[in-house]
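Next comes start-v5.txt, a file with compact mmCIF, C-alpha atoms.
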# COMPACT_ATOMS: atom_id res chain seq x y z
CA MET A 1 35.23 32.20 -25.79
CA ALA A 2 32.39 31.33 -28.19
CA HIS A 3 34.92 30.73 -31.00
CA PHE A 4 36.97 28.45 -28.74
CA ASN A 5 33.91 26.40 -27.87
CA ASP A 6 32.77 26.09 -31.50
CA LYS A 7 36.17 24.86 -32.65
CA HIS A 8 36.37 22.22 -29.98
CA ARG A 9 32.71 21.36 -30.39
CA ALA A 10 33.41 20.10 -33.91
CA ASP A 11 36.38 18.04 -32.75
CA ARG A 12 34.34 16.33 -30.08
CA GLY A 13 31.60 15.15 -32.38
CA GLY A 14 29.16 17.91 -31.65
CA LEU A 15 29.27 18.00 -27.85
CA GLY A 16 30.08 21.17 -26.01
CA ILE A 17 33.02 21.20 -23.63
CA ASN A 18 30.79 21.61 -20.59
CA GLU A 19 28.60 18.73 -21.68
CA ILE A 20 31.63 16.51 -22.06
CA LYS A 21 32.98 17.53 -18.65
CA ARG A 22 29.65 16.77 -17.00
CA HIS A 23 29.36 13.45 -18.83
CA ARG A 24 32.92 12.50 -17.94
CA ILE A 25 32.46 13.47 -14.30
CA SER A 26 29.14 11.65 -13.99
CA VAL A 27 30.45 8.41 -15.52
CA SER A 28 33.62 8.46 -13.43
CA SER A 29 31.58 9.27 -10.36
CA MET A 30 29.23 6.38 -11.05
CA LEU A 31 32.13 3.99 -11.38
CA ILE A 32 33.73 5.20 -8.17
CA ILE A 33 30.40 4.99 -6.38
CA ALA A 34 29.90 1.43 -7.64
CA VAL A 35 33.27 0.28 -6.31
CA VAL A 36 32.89 2.10 -3.00
CA ALA A 37 29.35 0.81 -2.53
CA CYS A 38 30.26 -2.75 -3.19
CA CYS A 39 33.24 -2.81 -0.87
CA GLY A 40 32.82 0.15 1.39
CA VAL A 41 29.23 -0.17 2.49
CA PRO A 42 29.53 -3.64 4.03
CA LEU A 43 32.76 -2.56 5.72
CA LEU A 44 31.16 0.57 7.11
CA LEU A 45 28.11 -1.33 8.29
CA GLY A 46 30.38 -3.62 10.25
CA ILE A 47 32.32 -0.72 11.69
CA GLY A 48 29.12 1.21 12.37
CA GLY A 49 28.05 -1.59 14.63
CA ILE A 50 30.93 -0.67 16.88
CA GLY A 51 29.19 2.50 17.98
CA PHE A 52 25.87 0.77 18.57
CA PHE A 53 27.41 -1.93 20.73
CA SER A 54 29.97 0.27 22.44
CA PHE A 55 28.42 -0.46 25.86
CA LEU A 56 29.92 -3.93 25.58
CA ALA A 57 33.34 -2.34 26.02
CA GLY A 58 32.49 -1.81 29.67
CA GLN A 59 31.76 -5.46 30.14
CA HIS A 60 34.91 -6.58 28.42
CA SER A 61 37.32 -3.89 29.56
CA GLN A 62 38.36 -5.61 32.75
CA THR A 63 38.77 -8.93 31.02
CA GLY A 64 40.57 -7.23 28.15
CA ALA A 65 42.97 -5.46 30.48
CA ALA A 66 43.76 -8.69 32.28
CA GLN A 67 44.30 -10.52 29.06
CA ARG A 68 46.57 -7.92 27.54
CA ALA A 69 49.09 -8.92 30.16
CA LEU A 70 48.81 -12.51 28.90
CA ASN A 71 48.90 -11.92 25.13
CA ALA A 72 51.02 -14.41 23.24
CA THR A 73 54.29 -12.84 22.17
CA VAL A 74 57.27 -14.30 20.33
CA GLY A 75 60.14 -14.84 22.74
CA GLU A 76 57.86 -15.05 25.75
CA PRO A 77 56.37 -18.10 27.45
CA ALA A 78 53.16 -19.21 25.78
CA PRO A 79 50.12 -18.33 27.90
CA ASN A 80 48.78 -21.50 29.46
CA ILE A 81 45.26 -22.06 28.21
CA PRO A 82 42.75 -24.89 28.51
CA ILE A 83 41.82 -26.68 25.28
CA THR A 84 38.74 -28.89 25.12
CA LEU A 85 39.44 -31.70 22.68
CA THR A 86 36.89 -33.33 20.39
CA ASN A 87 36.74 -36.38 22.66
CA GLY A 88 35.51 -34.16 25.50
CA THR A 89 38.66 -34.07 27.60
CA THR A 90 40.24 -30.77 28.57
CA LEU A 91 43.99 -30.32 28.55
CA ASN A 92 46.17 -27.40 29.51
CA LEU A 93 48.70 -26.23 26.95
CA SER A 94 51.43 -26.64 29.57
CA SER A 95 50.87 -30.42 29.52
CA PHE A 96 52.65 -30.48 26.15
CA ARG A 97 55.97 -29.24 27.60
CA GLY A 98 58.84 -31.33 26.43
CA LYS A 99 57.83 -31.37 22.78
CA PRO A 100 57.41 -28.65 20.19
CA VAL A 101 53.88 -27.54 19.51
CA VAL A 102 52.24 -25.92 16.49
CA LEU A 103 49.22 -24.17 17.94
CA TRP A 104 46.86 -23.14 15.15
CA PHE A 105 43.70 -21.13 15.68
CA VAL A 106 41.00 -21.31 13.01
CA ALA A 107 37.53 -20.13 12.19
CA THR A 108 35.91 -23.24 10.77
CA TRP A 109 34.11 -21.30 8.01
CA CYS A 110 37.21 -19.60 6.67
CA SER A 111 38.44 -20.73 3.26
CA SER A 112 42.14 -20.22 3.99
CA CYS A 113 41.75 -22.40 7.10
CA ALA A 114 40.19 -25.14 4.97
CA ASP A 115 43.02 -24.83 2.44
CA SER A 116 45.61 -25.05 5.21
CA ALA A 117 44.02 -28.17 6.69
CA SER A 118 43.89 -29.81 3.25
CA LEU A 119 47.56 -29.06 2.63
CA LEU A 120 48.49 -30.42 6.03
CA ALA A 121 46.52 -33.61 5.49
CA ASN A 122 47.21 -34.26 1.82
CA ASP A 123 50.57 -32.69 1.00
CA GLY A 124 52.66 -34.33 3.65
CA TYR A 125 53.05 -31.35 5.95
CA TYR A 126 51.33 -33.08 8.84
CA ASN A 127 53.72 -36.02 8.35
CA LYS A 128 56.71 -33.68 8.38
CA ILE A 129 55.52 -31.99 11.57
CA HIS A 130 54.80 -35.35 13.18
CA ALA A 131 58.20 -36.72 12.13
CA LYS A 132 59.84 -33.90 14.09
CA GLY A 133 58.06 -35.02 17.22
CA ALA A 134 55.86 -31.94 17.29
CA GLU A 135 52.25 -31.80 18.36
CA LEU A 136 49.85 -30.07 15.98
CA ILE A 137 46.89 -28.59 17.83
CA THR A 138 44.10 -27.04 15.78
CA VAL A 139 41.87 -24.91 17.97
CA GLU A 140 38.58 -23.38 16.95
CA LEU A 141 38.42 -19.71 17.84
CA TYR A 142 35.80 -18.93 20.44
CA ASP A 143 32.38 -18.95 18.81
CA ASP A 144 34.16 -18.74 15.43
CA LEU A 145 34.61 -15.05 16.25
CA GLY A 146 30.89 -14.38 16.09
CA TYR A 147 30.00 -16.02 12.77
CA SER A 148 28.82 -19.61 13.09
CA GLY A 149 30.49 -22.29 11.10
CA PRO A 150 30.73 -26.07 11.18
CA SER A 151 31.96 -27.74 14.35
CA ILE A 152 35.66 -28.37 14.71
CA SER A 153 35.01 -32.10 14.32
CA ALA A 154 33.17 -31.51 11.04
CA PHE A 155 36.01 -29.24 9.92
CA ALA A 156 38.52 -31.96 10.73
CA ASP A 157 36.52 -34.59 8.86
CA SER A 158 36.02 -32.37 5.81
CA TYR A 159 39.51 -30.99 5.39
CA GLY A 160 41.95 -32.36 7.95
CA GLY A 161 41.68 -36.08 7.45
CA GLY A 162 39.62 -36.62 10.60
CA THR A 163 40.42 -36.41 14.30
CA GLN A 164 42.27 -39.72 14.65
CA ASN A 165 45.68 -38.73 13.30
CA PRO A 166 48.32 -39.25 16.00
CA GLY A 167 49.90 -36.02 17.06
CA TRP A 168 47.14 -33.88 15.50
CA LEU A 169 44.59 -32.73 17.99
CA TYR A 170 41.45 -30.68 17.42
CA GLY A 171 39.68 -28.69 20.08
CA THR A 172 37.91 -25.54 21.13
CA SER A 173 39.11 -22.64 23.23
CA SER A 174 37.64 -20.31 25.81
CA LEU A 175 36.97 -16.63 25.21
CA ASN A 176 40.00 -15.65 27.31
CA ALA A 177 42.22 -18.11 25.46
CA THR A 178 41.14 -16.68 22.13
CA TYR A 179 41.80 -13.15 23.38
CA SER A 180 45.28 -14.19 24.49
CA TYR A 181 46.34 -15.71 21.21
CA ASP A 182 44.24 -13.75 18.73
CA PRO A 183 43.65 -10.26 20.11
CA LYS A 184 43.16 -8.77 16.65
CA GLY A 185 40.52 -11.22 15.52
CA TYR A 186 42.41 -12.90 12.68
CA LEU A 187 40.71 -15.96 11.25
CA ASP A 188 43.81 -18.06 10.66
CA ILE A 189 46.71 -17.56 13.09
CA TYR A 190 49.39 -19.94 14.32
CA TYR A 191 52.16 -20.13 16.91
CA VAL A 192 55.19 -22.38 17.12
CA ILE A 193 56.12 -23.21 20.72
CA ASP A 194 59.40 -24.86 21.65
CA PRO A 195 59.69 -27.75 24.14
CA LYS A 196 60.36 -25.25 26.94
CA GLY A 197 57.04 -23.55 26.32
CA VAL A 198 58.44 -20.40 24.70
CA ILE A 199 56.87 -19.01 21.54
CA THR A 200 59.46 -19.04 18.76
CA ASN A 201 57.35 -18.15 15.76
CA GLU A 202 53.94 -16.76 14.90
CA GLY A 203 52.10 -15.85 11.75
CA VAL A 204 48.84 -15.37 9.92
CA GLY A 205 47.76 -17.75 7.18
CA LEU A 206 49.26 -21.15 7.89
CA ALA A 207 48.93 -22.38 4.30
CA ALA A 208 51.33 -19.78 2.98
CA ASN A 209 53.89 -20.50 5.71
CA LEU A 210 53.95 -24.27 6.07
CA ASP A 211 57.52 -24.66 4.88
CA ALA A 212 58.70 -22.00 7.33
CA VAL A 213 56.79 -23.65 10.18
CA VAL A 214 58.28 -27.07 9.47
CA SER A 215 61.80 -25.69 9.23
CA SER A 216 61.39 -23.81 12.50
CA LEU A 217 60.62 -26.98 14.47
CA MET B 1 16.79 0.19 -28.51
CA ILE B 2 19.49 0.60 -25.90
CA LEU B 3 20.65 -2.99 -26.33
CA MET B 4 20.81 -2.62 -30.11
CA SER B 5 22.83 0.54 -29.67
CA LEU B 6 25.17 -1.23 -27.24
CA PHE B 7 25.93 -4.14 -29.51
CA GLU B 8 26.07 -2.01 -32.64
CA TYR B 9 29.13 -0.13 -31.45
CA GLU B 10 30.80 -3.15 -29.97
CA GLY B 11 30.01 -5.34 -32.95
CA ASN B 12 31.47 -2.78 -35.34
CA ALA B 13 34.55 -2.31 -33.21
CA ILE B 14 35.24 -6.01 -32.74
CA ARG B 15 34.61 -6.84 -36.39
CA ALA B 16 36.95 -4.09 -37.51
CA MET B 17 39.57 -5.21 -35.00
CA LEU B 18 39.41 -8.89 -36.01
CA GLN B 19 39.94 -8.06 -39.66
CA ASP B 20 43.51 -7.34 -38.74
CA ARG B 21 45.25 -10.62 -38.02
CA PHE B 22 47.70 -8.95 -35.67
CA TYR B 23 44.94 -7.77 -33.35
CA ALA B 24 43.16 -11.10 -33.54
CA LEU B 25 46.29 -12.88 -32.38
CA LEU B 26 46.90 -10.22 -29.74
CA LEU B 27 43.37 -10.73 -28.41
CA VAL B 28 43.86 -14.47 -28.12
CA SER B 29 47.27 -14.11 -26.46
CA LEU B 30 46.15 -11.49 -23.96
CA SER B 31 42.97 -13.41 -23.10
CA ILE B 32 44.93 -16.56 -22.39
CA ALA B 33 47.52 -14.67 -20.34
CA PHE B 34 44.98 -12.83 -18.22
CA THR B 35 42.91 -15.97 -17.74
CA ALA B 36 45.99 -17.77 -16.45
CA ILE B 37 46.73 -14.88 -14.09
CA TYR B 38 43.21 -14.93 -12.69
CA LEU B 39 43.23 -18.72 -12.34
CA VAL B 40 46.19 -18.35 -9.98
CA LEU B 41 45.15 -15.07 -8.34
CA LEU B 42 41.56 -15.77 -7.33
CA PRO B 43 42.15 -18.88 -5.19
CA SER B 44 45.46 -17.56 -3.82
CA LEU B 45 44.38 -14.22 -2.42
CA PRO B 46 42.40 -15.50 0.63
CA ASN B 47 45.60 -17.23 1.74
CA GLY B 48 47.54 -13.99 1.65
CA ALA B 49 50.10 -15.29 -0.83
CA ILE B 50 50.13 -15.96 -4.56
CA SER B 51 51.20 -19.50 -5.31
CA LEU B 52 50.43 -22.29 -7.75
CA THR B 53 49.86 -24.47 -4.67
CA PHE B 54 46.49 -22.84 -4.14
CA VAL B 55 45.17 -23.36 -7.66
CA ARG B 56 43.84 -26.76 -6.62
CA PHE B 57 41.40 -24.97 -4.31
CA ILE B 58 39.81 -22.97 -7.10
CA THR B 59 36.03 -23.20 -7.29
CA PRO B 60 34.04 -23.74 -10.51
CA ILE B 61 32.71 -20.18 -10.25
CA GLN B 62 36.24 -18.82 -10.01
CA ILE B 63 37.25 -20.85 -13.07
CA ALA B 64 34.32 -19.43 -15.02
CA PHE B 65 35.05 -15.86 -14.01
CA SER B 66 38.76 -16.25 -14.65
CA ILE B 67 37.90 -17.03 -18.25
CA ILE B 68 35.38 -14.18 -18.44
CA PHE B 69 37.75 -11.66 -16.88
CA GLY B 70 40.62 -12.82 -19.07
CA LEU B 71 38.56 -12.48 -22.22
CA LEU B 72 37.12 -9.09 -21.28
CA LEU B 73 40.46 -7.63 -20.22
CA GLY B 74 42.09 -8.93 -23.39
CA LEU B 75 39.30 -7.36 -25.41
CA ILE B 76 39.62 -4.03 -23.62
CA ILE B 77 43.34 -3.75 -24.25
CA THR B 78 43.21 -4.99 -27.82
CA LEU B 79 40.29 -2.76 -28.74
CA ASN B 80 42.00 0.23 -27.20
CA LEU B 81 45.13 -0.40 -29.23
CA SER B 82 43.22 -1.04 -32.43
CA ILE B 83 41.34 2.24 -32.32
CA ARG B 84 44.36 4.33 -31.41
CA GLY B 85 44.37 7.47 -33.44
CA ILE B 86 40.66 7.35 -34.20
CA ARG B 87 38.71 10.43 -33.15
CA ASN B 88 36.83 10.92 -29.92
CA ARG B 89 39.47 9.51 -27.66
CA ALA B 90 38.20 11.86 -24.96
CA LYS B 91 35.85 9.09 -23.86
CA SER B 92 38.68 6.56 -23.42
CA LYS B 93 39.20 7.87 -19.89
CA ASN B 94 35.82 6.45 -18.92
CA ALA B 95 36.86 3.17 -20.45
CA ALA B 96 40.08 3.21 -18.44
CA ALA B 97 38.15 3.98 -15.25
CA GLY B 98 35.76 1.12 -15.90
CA ALA B 99 38.53 -1.35 -16.66
CA SER B 100 40.52 -0.31 -13.59
CA ALA B 101 37.53 -0.47 -11.28
CA GLY B 102 36.53 -3.85 -12.64
CA ALA B 103 40.01 -5.30 -12.30
CA ILE B 104 40.44 -3.97 -8.76
CA LEU B 105 37.02 -5.09 -7.57
CA GLY B 106 37.30 -8.58 -9.02
CA THR B 107 40.57 -9.32 -7.27
CA PHE B 108 40.31 -7.19 -4.13
CA VAL B 109 37.17 -8.89 -2.86
CA ASN B 110 39.12 -12.13 -2.38
CA VAL B 111 41.60 -10.37 -0.14
CA LEU B 112 38.85 -9.24 2.20
CA CYS B 113 38.28 -12.65 3.64
CA CYS B 114 40.69 -14.59 5.73
CA THR B 115 43.59 -12.10 5.53
CA PRO B 116 44.41 -9.45 8.16
CA VAL B 117 43.04 -6.65 5.97
CA VAL B 118 39.59 -6.27 7.54
CA PRO B 119 40.70 -6.65 11.19
CA SER B 120 43.44 -4.09 10.59
CA VAL B 121 41.05 -1.61 8.96
CA VAL B 122 38.54 -2.03 11.77
CA ALA B 123 41.31 -1.54 14.33
CA LEU B 124 42.34 1.68 12.57
CA PHE B 125 39.00 3.15 13.53
CA GLY B 126 40.12 3.01 17.14
CA ALA B 127 38.08 -0.03 18.12
CA SER B 128 39.27 -1.71 21.31
CA THR B 129 40.33 -5.32 21.20
CA PRO B 130 37.01 -6.91 22.15
CA LEU B 131 35.13 -4.87 19.56
CA VAL B 132 37.55 -5.67 16.74
CA PHE B 133 37.14 -9.22 17.89
CA GLY B 134 33.40 -9.07 17.43
CA TYR B 135 33.02 -7.20 14.16
CA SER B 136 35.76 -8.08 11.75
CA ALA B 137 34.69 -11.71 11.38
CA PRO B 138 31.11 -11.03 10.20
CA VAL B 139 32.47 -8.51 7.66
CA GLU B 140 34.94 -11.06 6.36
CA ALA B 141 32.21 -13.68 6.29
CA PHE B 142 30.11 -11.37 4.13
CA PHE B 143 32.83 -11.19 1.50
CA GLU B 144 33.58 -14.90 1.82
CA ASN B 145 29.96 -15.81 1.10
CA ASN B 146 29.09 -13.16 -1.47
CA TYR B 147 32.19 -12.77 -3.58
CA VAL B 148 30.30 -14.02 -6.65
CA TYR B 149 28.21 -10.85 -6.75
CA PHE B 150 31.36 -8.76 -6.76
CA TYR B 151 32.61 -10.81 -9.68
CA PHE B 152 29.41 -9.99 -11.55
CA VAL B 153 29.85 -6.29 -10.86
CA SER B 154 33.44 -6.48 -12.07
CA ALA B 155 32.34 -8.14 -15.29
CA ILE B 156 29.72 -5.43 -15.81
CA LEU B 157 32.35 -2.74 -15.31
CA PHE B 158 34.52 -4.42 -17.94
CA VAL B 159 31.60 -4.54 -20.38
CA VAL B 160 30.86 -0.85 -19.75
CA SER B 161 34.50 -0.14 -20.49
CA ILE B 162 34.30 -2.02 -23.78
CA HIS B 163 31.16 -0.10 -24.67
CA TYR B 164 32.88 3.23 -24.17
CA ILE B 165 35.92 2.21 -26.15
CA SER B 166 33.75 1.03 -29.02
CA LYS B 167 31.50 4.04 -28.92
CA SER B 168 34.40 6.45 -28.89
CA ALA B 169 35.60 5.05 -32.20
CA TYR B 170 32.34 4.53 -34.03
CA CYS B 171 29.98 7.15 -32.80
CA CYS B 172 29.12 10.40 -34.34
CA THR B 173 31.32 11.54 -37.21
CA VAL B 174 31.50 15.18 -38.19
CA LYS B 175 30.75 16.14 -41.80
CA ARG B 176 32.54 18.83 -43.72
CA ASP B 177 29.75 21.30 -43.08
CA GLY B 178 30.25 20.93 -39.29
CA LYS B 179 26.96 19.11 -38.72
CA ARG B 180 26.86 15.87 -36.76
CA GLY B 181 26.22 12.68 -38.72
CA LYS B 182 26.93 8.96 -38.92

Show this structure as C-alpha cells.
Amino acid sequence: MAHFNDKHRADRGGLGINEIKRHRISVSSMLIIAVVACCGVPLLLGIGGIGFFSFLAGQHSQTGAAQRALNATVGEPAPNIPITLTNGTTLNLSSFRGKPVVLWFVATWCSSCADSASLLANDGYYNKIHAKGAELITVELYDDLGYSGPSISAFADSYGGGTQNPGWLYGTSSLNATYSYDPKGYLDIYYVIDPKGVITNEGVGLAANLDAVVSSL
Amino acid sequence: MILMSLFEYEGNAIRAMLQDRFYALLLVSLSIAFTAIYLVLLPSLPNGAISLTFVRFITPIQIAFSIIFGLLLGLIITLNLSIRGIRNRAKSKNAAAGASAGAILGTFVNVLCCTPVVPSVVALFGASTPLVFGYSAPVEAFFENNYVYFYFVSAILFVVSIHYISKSAYCCTVKRDGKRGK
C-alpha cells in the first residue's frame, strides 16, 4: 500500500492520494454549494413561507373550492368575470360575446409581459388581432400576485402604446377572477375565446405565441 | 500573494496558448460564438422560447455579461485543449465543475422569472392553489430583480475554472530525484 501511494504521489506532483481526494471533494462541494445557495435558498425561503402562512388555507379553502368549479378550461365556456377598465367602468366578460377575445393576464412587473406588450404595440400584432375583429383585453392579475408593480395604466403607457388603442382594453381583475383564469399563479397567461364565449386556446408567455394566437382567431 | 499566484498561473497558461496561432484563432472564434449564443439566450429565456425576436429586449448588463461569458467560456475550452497531455490533469475535473456550474447558473437564473418553472416547483411541494398563488410571484420577482448578482457569481465560477486549468498545467513539476520543484 505504501509503495502504491509513493508511486502515485510522484505522478501527482507530490500530493498524496488522500489529499487529492479531499481537495477534489472540497472544491466540488464548494461549487455545488455555491450553485445551490444562489438558486435554492431563495426558492426554499419562498416555499418555507408556505408552512408559516398555512392558516390562510382555511380562509381561502371555501373560495378555492368554489372557484375550482369555475376554472377556465379549453373547450369550455369562459368563466364570466368582471373587469374594471382604466377609465373606471366595469364590464363583464360576457358583454364581449359576438366577437373573438384575446384575454391576457399580466403581472405589470414581469419582463416577459413587457416584451409581449411591446411586440403587440410595435410589431403589428395588435393590428393583426384588431383586423380580425377581435378584442384584446389585458388584465392585471389581482395585486400583481403579491408583488407590487406599476399600475396597469403605467404598464400600458410604457410598453403597450397607451390605453387609447381601439379594440385594446386594459383593466384589473378581482381575486376570484384571477383564481379562475390563473390558478397556478403564472405571471403571463392568455386565453383565446371565440364569439360564442368558448375558450379555444390558452397558453403561457404571449410573446412566444403571438403568431399562433393570431392564426387561431 | 494570492493574487500574484492566481495571475502567475493564468498568465503563463494564456501566454503559452497564444504562442500557437491555432489556439489564438480558436479562442477568438469560440469567444465570438459563445457571445452570440448568450446575446440571444439571456433576453429570450424569460419568455420561455429562444428567438432572435427577443434580442431587441436585451439590457446593457446582459450585453456586457454576454461578452464576458463568451470570452471566459472560449478561454476555458481553448486552454483545456492547449494543455491536453500536460501533467496534473487530475485537477481538470474541478475546472469542468466550475465551468459547468457557471454556465448553468448564468443562464438558468433567467428562466426563473416569468416562466412556469417556479410556480410548478412550488406546486410540487403540495401547496394548495391559494398558497402557490401567493408565493411563487415573490420568488420570481427576486430572480427578476437580482439576476445581475447571479451573473457575477457565474463569472467568478468561470474564473475559478480557468485558474484550475492553468494551475494544473503549470504548477509543481517533479524532478528526477522525486522531490517537488518548479

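For the pair atom CA of B:Phe108 and atom CA of B:Pro43, the interatomic distance is 11.9 Å.
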
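Take the candidates B:Ala99, B:Ile32, B:Ile37, B:Ala137 and check each one against chain A using all atoms listed in the file; the shortest distance goes to B:Ala137.
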
### Query
Can you list, as a count of residues only, every protein, DNA or RNA residue that comes within 10 Å of A:Ile189 when you count all atoms listed in the file, leaving out same-chain residues fewer than 4 positions away?
18

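The set of protein, DNA and RNA residues with any counted atom at most 10 Å from (32.7, -21.1, 20.4) (all atoms listed in the file) reads Ala107, Glu140, Leu141, Tyr142, Asp143, Asp144, Leu145, Gly146, Tyr147, Ser148, Gly149, Ser151, Ile152, Thr172, Ser173, Ser174, Leu175 and Thr178 of chain A.
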
### Query
What's the 7 Å shell around stretch 73-82 of chain B, counting all atoms listed in the file, without same-chain residues fewer than 5 positions away, as a ChimeraX atom specification?
/B:17,23,26-27,30-31,162,165

### Task
Taking the point (62.7, -23.7, 25.0) as given in the file, collect each protein or nucleic acid residue that comes within 10 Å of it, counting only C-alpha atoms, and present the set as a ChimeraX atom specification.
/A:75-77,97-100,193-200

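Take atom CA of B:Val40 and atom CA of B:Val111: the distance between them is 13.5 Å.
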
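One distance worth recording is that between atom CA of A:Ala117 and atom CA of B:Leu39, which is 21.3 Å.
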
### Query
Contacts of B:Phe152 at 9 Å or less, counting only C-alpha atoms, minus same-chain residues fewer than 5 places along, as an MDAnalysis selection string?
chainID B and resid 65 106 147 157

### Message
So that I can see what lies close to A:Gln164, please list as a count of residues only the residues with an atom at most 12 Å from it, counting only C-alpha atoms and leaving out residues fewer than 3 positions away in the same chain.
### Response
13
